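Right, one structure below, let's go through it.
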There are 2 protein chains.
Amino acid sequence: MAIQSIQRALDIICLFSKSRPTCRLTDIANRLGLKISTVHGIVSTLEQNGFLQYDSHLRQYSIGSKIFELGAHFSTNLQVNLHARDYVQTLAERTGCSNRIGIWDKNSVLITLFAFPEGVTTSVHNIGPRITPYCTAIGRAMLAFMEEDDCMAYLEQEKIVRHTKYTLTTIDAILDDLEEIRKRGYAINRGELTWGRAGLAAPIWGPGEKIEASLAVIGATERILGENINNLATELVETVSMISDSLGYNPGQ
Amino acid sequence: MAIQSIQRALDIICLFSKSRPTCRLTDIANRLGLKISTVHGIVSTLEQNGFLQYDSHLRQYSIGSKIFELGAHFSTNLQVNLHARDYVQTLAERTGCSNRIGIWDKNSVLITLFAFPEGVTTSVHNIGPRITPYCTAIGRAMLAFMEEDDCMAYLEQEKIVRHTKYTLTTIDAILDDLEEIRKRGYAINRGELTWGRAGLAAPIWGPGEKIEASLAVIGATERILGENINNLATELVETVSMISDSLGYNPGQ
DNA sequence: CCTATTTTTTCGATATTATCGAAACTATTT
DNA sequence: AAATAGTTTCGATAATATCGAAAAAATAGG
C-alpha cells in the first residue's frame with residue numbers, strides 16, 4: 001500500500017538517531033539492502049530539500065535543518081505544551097526539581113516539554129527522546145488510566161527488560177502497580193530504569209476524558225523519594241489538575 | 001533528477017507551517033496541483049510512518065511526531081549548540097536579557113538555541129523559526145563577516161521590505177551598515193523588523209575561520225539601546241569569543 | 001608520486017510501480 | 001432526506017524508479 005520510493009526515503013531518514021547521527025551512502029545501502037545507485041537518487045532528493053545535509057568533505061549525511069524546522073511546529077502546536085508551559089515552570093520553581101511532559105505515541109512516551117528548576121535555562125535540549133513506558137513513572141501514569149485493551153496491547157508487545165533491581169519484570173507485577181497508581185493518583189518510579197534516578201508522575205486529562213499527556217517530577221532518588229515525597233506528590237497532582245482544567249477536562253460529563 | 005514521488009512527498013510535508021498547522025487532503029491536492037488519489041497514496045505512506053498525523057474526526061493532517069523526534073537530533077548534534085549552551089545561560093543571567101543563537105541556512109537564519117533570563121523556563125519554544133537576515137542583528141552579524149560573494153548572492157535574491165521606519169531598504173544602505181559592523185565588532189538592530197524590539201549580535205567562529213553561527217541579545221528597544229548598550233555589547237563580544245574558542249577557532253592560522 | 005582500492009556519481013535500458021480516472025464510500029450541509 | 005463535498009479503493013496504463021555497468025572521484029597504500 002505504501003509507495004515504495006517514499007517508504008524507502010522515510011526508512012533512510014529513520015536510520016539517523018542520537019546514537020547514529022551520521023551515515024555514509026554505502027552504509028545506508030547496506031543497512032537497508034538497497035542498491036547504491038538507488039540510495040543515491042533518494043538521498044540526493046532529500047538533501048536538495050534540506051531533509052538531509054551532506055558533508056562533502058567527510059562524505060556523510062545527517063539530519064537536515066528542514067526536519068528541525070518542521071519538527072518545531074509539532075511541539076509548538078501541541079495543545080498540552082501550550083497549556084502546560086506556565087504550570088510546569090511554577091512546579092519546577094516550587095519543588096526545585098526538573099519536570100517534564102510526555103505524550104503517548106506509538107507504544108512509547110515522547111518527551112515534548114522540559115522545565116528546569118534553577119535560574120536561567122536554554123531551550124532545545126532534553127526534548128525529543130522516547131521513553132520506555134513500563135519502567136518509568138511518566139509511562140505508567142498513562143498506562144494506569146488508559147483503556148485496558150490499549151494497555152494490554154502495549155504490554156504484550158513490549159520486550160520487558162530488567163534494568164535495575166527495582167525493575168518490575170512481569171506483566172502481573174506491572175498490572176498490580178497500575179492498580180496502586182489508580183488508587184494513589186500518581187505513579188512512582190523507584191529507580192527502575194536508571195540507578196539512583198526516581199520520579200513521580202500523574203496523567204494530564206483533556207476534553208472527553210481523554211489522556212493527553214503525563215507530567216513527571218524527576219531527580220535523584222533521595223530527592224524524590226525522601227521525606228519530601230508527599231509534598232512533591234501534592235504539588236504534582238495539583239499541577240496536572242490545573243493543566244487538565246486548562247485543556248477543558250470536564251470529569252462530570 | 002529528483003525522484004518525483006519523493007519530491008512530492010517532501011513538498012507536501014513542507015506545506016505545513018506555524019501559520020498553517022493543518023491541511024486537508026483536498027487542500028493539499030489543490031495547492032500542489034496533484035490528483036487527489038495521488039496525494040492520498042503519498043499522505044497515507046507519510047502517516048503510516050509517523051511523518052504526518054491524521055485526525056480522522058476533523059479529517060485533517062498535521063506534522064507527525066516522528067519529524068519532531070528526528071528534528072530534535074539536529075539541534076542536539078549541532079556543535080555550536082553543545083558548546084554555546086553554558087555560555088548563553090551565563091550571558092542571560094548577567095545581562096537579564098533573552099538571547100538566542102542562529103545558524104546561516106538557505107539564505108535565512110535558523111534559530112537553534114534560546115536562553116531566557118528570568119527564573120524557571122521551559123524548553124521547546126522559540127526555536128525553529130527562520131529569521132530574515134538583512135533586517136535583524138543576528139542576520140547582519142553573519143552577513144558582515146561571510147564571504148562577500150555569498151553576501152551579495154543573498155542580498156540580490158532577497159526581497160527587501162520596509163517593516164518599520166528604521167528598516168534599511170537599499171542594498172547600499174545595508175552594505176554601509178555591514179562595514180560599520182565589521183569596524184564595531186557587532187551588529188545593532190534598532191527596531192528594523194518589529195517596532196520596539198531591538199538586538200545586538202555578533203558572529204561565532206569555528207575552526208578554519210568559518211562562521212558557525214550568530215549570537216543575539218534581544219529585548220525591548222529601551223532595554224537594549226539604552227545607557228546599558230556598551231555593557232551589553234561587551235558581554236556579548238566576550239561571550240562569542242569564548243564560544244568561538246570552545247569550538248576551536250584559531251584566528252592565528 | 002603513482003597505483004590500487006574504495007566510494008560516489010552518472011547514464012540508459014527495462015520492468016516495476018506510481019499515477020490517474022472512475023466508481024464506491026463516507027461525511028457534511030441544507 | 002437529498003444533495004453536495006470530501007475520501008478511499010481499485011485496476012489499467014504509461015510514466016518513472018530501479019538496476020547494472022561504467023565513469024569519476026577520493027582515499028589509502030607502497
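In the C-alpha cells, the first chain shown is A, the next is B, and so on; residue numbers restart at 1 for each chain, and ligands run from 1 in the order shown.
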With only C-alpha atoms (C1' of nucleotides) counted and 9 Å as the cut-off, give the residues of chain D in contact with chain B, each with its shortest interatomic distance in Å and the pair that gives it, as a Markdown table.
```
| residue | atom | partner | partner_atom | distance |
| --- | --- | --- | --- | --- |
| D:DG6 | C1' | B:Thr26 | CA | 7.4 |
| D:DT7 | C1' | B:Leu25 | CA | 8.1 |
| D:DT8 | C1' | B:His40 | CA | 8.2 |
| D:DT16 | C1' | B:Gln4 | CA | 8.0 |
| D:DA17 | C1' | B:Ile3 | CA | 7.5 |
```
I need the chosen residues saved as a CSV table (one decimal), in the first residue's frame, with N, CA, C and O atoms (P, O5', C5', C4', C3', O3' and C1' of nucleotides).
```csv
chain,number,residue,atom,x,y,z
D,6,DG,P,-15.0,20.2,-0.3
D,6,DG,O5',-14.5,18.8,0.2
D,6,DG,C5',-14.8,18.5,1.6
D,6,DG,C4',-14.5,17.0,1.8
D,6,DG,C3',-13.1,16.6,1.4
D,6,DG,O3',-12.5,16.0,2.5
D,6,DG,C1',-14.7,15.1,0.5
D,7,DT,P,-11.0,15.5,2.4
D,7,DT,O5',-11.2,13.9,2.3
D,7,DT,C5',-11.9,13.2,3.3
D,7,DT,C4',-12.0,11.7,2.9
D,7,DT,C3',-10.7,11.0,2.7
D,7,DT,O3',-10.7,9.9,3.6
D,7,DT,C1',-12.3,10.5,1.0
D,8,DT,P,-9.3,9.1,3.8
D,8,DT,O5',-9.6,7.8,2.9
D,8,DT,C5',-10.7,6.9,3.2
D,8,DT,C4',-10.9,5.9,2.1
D,8,DT,C3',-9.7,5.1,1.7
D,8,DT,O3',-9.9,3.7,2.1
D,8,DT,C1',-10.9,5.8,-0.2
D,16,DT,P,6.7,10.9,-15.1
D,16,DT,O5',7.5,9.8,-14.2
D,16,DT,C5',6.9,8.9,-13.3
D,16,DT,C4',7.9,8.0,-12.7
D,16,DT,C3',9.3,8.5,-12.6
D,16,DT,O3',9.9,7.9,-11.5
D,16,DT,C1',9.4,6.6,-13.9
D,17,DA,P,10.2,8.7,-10.2
D,17,DA,O5',10.7,7.6,-9.2
D,17,DA,C5',9.8,6.6,-8.8
D,17,DA,C4',10.5,5.2,-8.7
D,17,DA,C3',11.8,5.2,-8.0
D,17,DA,O3',11.8,4.0,-7.2
D,17,DA,C1',12.1,4.4,-10.2
```
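In the superposition of chain A on chain B, with all Cα atoms paired by position, the RMSD stands at 0.1 Å.
Residue neighbourhood of Gly219 of chain B, excluding near-sequence residues (fewer than 6 positions): Cys97, Ser98, Asn99, Gly196, Arg197, Ala198 and Gly199 of chain B, at 9 Å, using only C-alpha atoms (C1' of nucleotides).
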Just need the residues of chain C within 12 Å of chain B, counting only C-alpha atoms (C1' of nucleotides), so spit them out as a ChimeraX atom specification.
/C:10-11,17-22,26-28
Å distance separating atom CA of Thr167 of chain B from atom CA of Cys151 of chain B, one decimal place
18.2 Å
Counting only C-alpha atoms, which residues in chain B sit no more than 7 Å from chain A? For each one, give the nearest pair of atoms and the distance in Å, sorted by chain then residue number, as CSV.
```
residue,atom,partner,partner_atom,distance
B:Ala2,CA,A:Thr45,CA,4.9
B:Ile3,CA,A:Thr45,CA,6.4
B:Ser5,CA,A:Ile6,CA,6.6
B:Ile6,CA,A:Ile6,CA,5.3
B:Gln7,CA,A:Thr45,CA,6.7
B:Ser17,CA,A:His73,CA,6.5
B:Lys18,CA,A:His73,CA,5.8
B:Gly41,CA,A:Ile3,CA,6.8
B:Ile42,CA,A:Ile3,CA,6.7
B:Thr45,CA,A:Ala2,CA,4.9
B:Ile63,CA,A:Phe74,CA,5.8
B:Gly64,CA,A:Phe74,CA,6.9
B:Ser65,CA,A:Phe74,CA,6.9
B:Ile67,CA,A:Gly71,CA,5.0
B:Phe68,CA,A:Gly71,CA,3.7
B:Glu69,CA,A:Gly128,CA,4.6
B:Leu70,CA,A:Ile67,CA,6.9
B:Gly71,CA,A:Phe68,CA,3.7
B:Ala72,CA,A:Gly128,CA,5.3
B:His73,CA,A:Lys18,CA,5.8
B:Phe74,CA,A:Ile63,CA,5.8
B:Thr76,CA,A:His125,CA,6.6
B:Arg85,CA,A:Thr122,CA,6.9
B:Gln89,CA,A:Val120,CA,5.7
B:Ala92,CA,A:Val120,CA,6.9
B:Glu93,CA,A:Val120,CA,6.2
B:Leu113,CA,A:Ser123,CA,6.0
B:Phe114,CA,A:Ser123,CA,5.2
B:Ala115,CA,A:Thr122,CA,4.3
B:Phe116,CA,A:Val120,CA,6.1
B:Pro117,CA,A:Val120,CA,5.5
B:Glu118,CA,A:Val120,CA,6.3
B:Gly119,CA,A:Gly119,CA,4.8
B:Val120,CA,A:Gln89,CA,5.6
B:Thr121,CA,A:Gln89,CA,5.7
B:Thr122,CA,A:Ala115,CA,4.4
B:Ser123,CA,A:Ser123,CA,3.8
B:Val124,CA,A:Val124,CA,5.2
B:His125,CA,A:Thr76,CA,6.5
B:Ile127,CA,A:Ala72,CA,6.8
B:Gly128,CA,A:Glu69,CA,4.6
B:Pro129,CA,A:Glu69,CA,6.5
```
Generate a file of the selected residues that holds N, CA and C atoms, formatted as a short mmCIF file (atom, residue, chain, number, x, y, z; two decimals), in the first residue's frame.
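Result file follows (again_5.cif):
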```cif
data_model
loop_
_atom_site.label_atom_id
_atom_site.label_comp_id
_atom_site.auth_asym_id
_atom_site.auth_seq_id
_atom_site.Cartn_x
_atom_site.Cartn_y
_atom_site.Cartn_z
N ALA B 2 15.58 14.84 -9.30
CA ALA B 2 14.91 14.41 -8.07
C ALA B 2 13.87 13.34 -8.39
N ILE B 3 13.69 12.45 -7.48
CA ILE B 3 12.71 11.39 -7.67
C ILE B 3 11.31 11.96 -7.44
N SER B 5 8.13 11.03 -6.91
CA SER B 5 7.21 10.73 -5.82
C SER B 5 7.75 11.24 -4.48
N ILE B 6 9.07 11.13 -4.32
CA ILE B 6 9.67 11.63 -3.07
C ILE B 6 9.60 13.14 -3.02
N GLN B 7 9.89 13.77 -4.14
CA GLN B 7 9.79 15.22 -4.20
C GLN B 7 8.39 15.68 -3.80
N SER B 17 3.19 24.63 8.32
CA SER B 17 4.00 25.68 8.94
C SER B 17 3.28 26.15 10.18
N LYS B 18 3.91 27.09 10.86
CA LYS B 18 3.30 27.62 12.07
C LYS B 18 1.95 28.26 11.73
N GLY B 41 -2.30 8.49 -1.71
CA GLY B 41 -1.27 7.47 -1.56
C GLY B 41 -0.05 7.99 -0.82
N ILE B 42 0.34 9.20 -1.13
CA ILE B 42 1.54 9.77 -0.51
C ILE B 42 1.30 10.04 0.98
N THR B 45 1.25 6.98 3.14
CA THR B 45 2.60 6.48 3.43
C THR B 45 3.26 7.32 4.52
N ILE B 63 1.77 17.83 11.12
CA ILE B 63 3.12 17.26 11.25
C ILE B 63 3.12 16.14 12.28
N GLY B 64 3.79 15.05 11.98
CA GLY B 64 3.81 13.90 12.86
C GLY B 64 4.93 13.92 13.88
N SER B 65 4.78 13.08 14.88
CA SER B 65 5.73 13.05 15.98
C SER B 65 7.12 12.60 15.54
N ILE B 67 8.76 13.45 12.94
CA ILE B 67 9.55 14.59 12.48
C ILE B 67 10.07 15.39 13.67
N PHE B 68 9.25 15.52 14.67
CA PHE B 68 9.68 16.19 15.91
C PHE B 68 10.86 15.46 16.53
N GLU B 69 10.71 14.15 16.63
CA GLU B 69 11.77 13.32 17.23
C GLU B 69 13.07 13.44 16.44
N LEU B 70 12.98 13.35 15.13
CA LEU B 70 14.17 13.45 14.29
C LEU B 70 14.76 14.85 14.33
N GLY B 71 13.89 15.84 14.33
CA GLY B 71 14.36 17.22 14.37
C GLY B 71 15.15 17.52 15.61
N ALA B 72 14.76 16.90 16.71
CA ALA B 72 15.49 17.12 17.96
C ALA B 72 16.95 16.67 17.82
N HIS B 73 17.18 15.62 17.02
CA HIS B 73 18.55 15.17 16.82
C HIS B 73 19.41 16.24 16.17
N PHE B 74 18.79 16.98 15.26
CA PHE B 74 19.55 18.02 14.55
C PHE B 74 20.15 19.01 15.54
N THR B 76 20.39 18.72 18.81
CA THR B 76 21.21 18.04 19.81
C THR B 76 22.62 17.82 19.29
N ARG B 85 25.87 26.33 24.99
CA ARG B 85 24.83 26.22 25.99
C ARG B 85 25.14 26.94 27.31
N GLN B 89 23.67 30.76 28.81
CA GLN B 89 22.98 30.82 30.10
C GLN B 89 23.58 31.91 30.96
N ALA B 92 22.67 35.36 29.68
CA ALA B 92 21.30 35.75 30.03
C ALA B 92 21.23 36.18 31.49
N GLU B 93 21.95 35.47 32.33
CA GLU B 93 21.96 35.77 33.75
C GLU B 93 22.59 37.14 34.01
N LEU B 113 18.89 27.82 19.38
CA LEU B 113 19.05 27.84 20.83
C LEU B 113 18.49 29.14 21.37
N PHE B 114 17.88 29.07 22.51
CA PHE B 114 17.26 30.26 23.09
C PHE B 114 17.49 30.23 24.59
N ALA B 115 17.94 31.31 25.15
CA ALA B 115 18.14 31.39 26.60
C ALA B 115 17.30 32.52 27.19
N PHE B 116 16.60 32.20 28.25
CA PHE B 116 15.74 33.18 28.91
C PHE B 116 16.43 33.71 30.16
N PRO B 117 16.13 34.91 30.54
CA PRO B 117 16.79 35.45 31.71
C PRO B 117 16.12 35.09 33.03
N GLU B 118 14.81 35.21 33.12
CA GLU B 118 14.19 35.17 34.45
C GLU B 118 13.81 33.77 34.88
N GLY B 119 14.11 33.51 36.12
CA GLY B 119 13.65 32.33 36.83
C GLY B 119 13.63 31.06 36.01
N VAL B 120 12.61 30.30 36.25
CA VAL B 120 12.48 28.99 35.63
C VAL B 120 11.90 29.14 34.23
N THR B 121 12.35 28.33 33.34
CA THR B 121 11.77 28.37 32.00
C THR B 121 11.69 26.98 31.41
N THR B 122 10.96 26.89 30.35
CA THR B 122 10.76 25.60 29.71
C THR B 122 11.49 25.55 28.40
N SER B 123 11.84 24.35 28.04
CA SER B 123 12.48 24.19 26.75
C SER B 123 11.41 24.21 25.68
N VAL B 124 11.82 24.07 24.49
CA VAL B 124 10.99 23.82 23.31
C VAL B 124 10.49 25.05 22.56
N HIS B 125 10.04 26.08 23.24
CA HIS B 125 9.51 27.19 22.48
C HIS B 125 10.65 28.05 21.94
N ILE B 127 12.43 28.03 19.41
CA ILE B 127 13.43 27.53 18.46
C ILE B 127 12.71 27.06 17.21
N GLY B 128 13.47 26.99 16.13
CA GLY B 128 12.89 26.51 14.88
C GLY B 128 12.56 27.57 13.86
N PRO B 129 12.12 28.75 14.27
CA PRO B 129 11.73 29.71 13.23
C PRO B 129 12.93 30.20 12.43
#
```
DSSP-assigned alpha helix (DSSP H) members of segment 27-66 of chain A, reported as a PyMOL selection string:
chain A and resi 27-32+36-48+65-66
Find the residues around Asn107 of chain A up to 12 Å (only C-alpha atoms (C1' of nucleotides) counted), leave out those fewer than 5 positions away in its own chain, and share them as a PDB file with N, CA and C atoms, in the first residue's frame.
```pdb
ATOM      1  N   ARG A 130      12.394   9.325  23.207  1.00  0.00           N
ATOM      2  CA  ARG A 130      11.292   8.436  23.560  1.00  0.00           C
ATOM      3  C   ARG A 130      11.678   7.625  24.793  1.00  0.00           C
ATOM      4  N   ILE A 131      10.724   7.506  25.697  1.00  0.00           N
ATOM      5  CA  ILE A 131      10.945   6.856  26.979  1.00  0.00           C
ATOM      6  C   ILE A 131      10.163   5.554  26.997  1.00  0.00           C
ATOM      7  N   THR A 132      10.733   4.534  27.600  1.00  0.00           N
ATOM      8  CA  THR A 132      10.041   3.250  27.719  1.00  0.00           C
ATOM      9  C   THR A 132       8.970   3.349  28.803  1.00  0.00           C
ATOM     10  N   PRO A 133       7.725   3.046  28.486  1.00  0.00           N
ATOM     11  CA  PRO A 133       6.633   3.292  29.436  1.00  0.00           C
ATOM     12  C   PRO A 133       6.662   2.418  30.693  1.00  0.00           C
ATOM     13  N   TYR A 134       6.876   1.099  30.558  1.00  0.00           N
ATOM     14  CA  TYR A 134       6.584   0.203  31.679  1.00  0.00           C
ATOM     15  C   TYR A 134       7.495   0.419  32.885  1.00  0.00           C
ATOM     16  N   GLY A 139       5.515   6.961  32.107  1.00  0.00           N
ATOM     17  CA  GLY A 139       4.820   5.998  31.261  1.00  0.00           C
ATOM     18  C   GLY A 139       3.682   5.301  31.992  1.00  0.00           C
ATOM     19  N   ARG A 140       3.954   4.828  33.202  1.00  0.00           N
ATOM     20  CA  ARG A 140       2.921   4.075  33.920  1.00  0.00           C
ATOM     21  C   ARG A 140       1.758   4.955  34.355  1.00  0.00           C
ATOM     22  N   MET A 142       0.326   6.992  32.540  1.00  0.00           N
ATOM     23  CA  MET A 142      -0.640   6.921  31.436  1.00  0.00           C
ATOM     24  C   MET A 142      -1.208   5.518  31.290  1.00  0.00           C
ATOM     25  N   LEU A 143      -0.356   4.520  31.411  1.00  0.00           N
ATOM     26  CA  LEU A 143      -0.822   3.128  31.310  1.00  0.00           C
ATOM     27  C   LEU A 143      -1.938   2.846  32.307  1.00  0.00           C
ATOM     28  N   ASP A 150      -5.877  -1.108  25.325  1.00  0.00           N
ATOM     29  CA  ASP A 150      -4.677  -0.453  24.804  1.00  0.00           C
ATOM     30  C   ASP A 150      -3.482  -0.764  25.692  1.00  0.00           C
ATOM     31  N   CYS A 151      -3.733  -0.757  26.999  1.00  0.00           N
ATOM     32  CA  CYS A 151      -2.672  -1.040  27.964  1.00  0.00           C
ATOM     33  C   CYS A 151      -2.123  -2.449  27.740  1.00  0.00           C
ATOM     34  N   MET A 152      -3.044  -3.422  27.648  1.00  0.00           N
ATOM     35  CA  MET A 152      -2.615  -4.811  27.454  1.00  0.00           C
ATOM     36  C   MET A 152      -1.916  -4.979  26.109  1.00  0.00           C
ATOM     37  N   ALA A 153      -2.459  -4.328  25.097  1.00  0.00           N
ATOM     38  CA  ALA A 153      -1.846  -4.420  23.765  1.00  0.00           C
ATOM     39  C   ALA A 153      -0.404  -3.925  23.825  1.00  0.00           C
ATOM     40  N   TYR A 154      -0.212  -2.833  24.583  1.00  0.00           N
ATOM     41  CA  TYR A 154       1.152  -2.337  24.744  1.00  0.00           C
ATOM     42  C   TYR A 154       2.026  -3.346  25.482  1.00  0.00           C
ATOM     43  N   LEU A 155       1.530  -3.789  26.636  1.00  0.00           N
ATOM     44  CA  LEU A 155       2.358  -4.658  27.496  1.00  0.00           C
ATOM     45  C   LEU A 155       2.737  -5.949  26.780  1.00  0.00           C
ATOM     46  N   GLU A 156       1.795  -6.471  25.977  1.00  0.00           N
ATOM     47  CA  GLU A 156       2.068  -7.756  25.336  1.00  0.00           C
ATOM     48  C   GLU A 156       3.109  -7.665  24.231  1.00  0.00           C
ATOM     49  N   GLN A 157       3.233  -6.483  23.650  1.00  0.00           N
ATOM     50  CA  GLN A 157       4.232  -6.354  22.586  1.00  0.00           C
ATOM     51  C   GLN A 157       5.572  -5.842  23.115  1.00  0.00           C
ATOM     52  N   GLU A 158       5.585  -5.345  24.356  1.00  0.00           N
ATOM     53  CA  GLU A 158       6.812  -4.759  24.892  1.00  0.00           C
ATOM     54  C   GLU A 158       7.791  -5.859  25.319  1.00  0.00           C
ATOM     55  N   LYS A 159       9.032  -5.623  25.003  1.00  0.00           N
ATOM     56  CA  LYS A 159      10.068  -6.541  25.466  1.00  0.00           C
ATOM     57  C   LYS A 159      10.516  -6.053  26.847  1.00  0.00           C
TER      58      LYS A 159
END
```
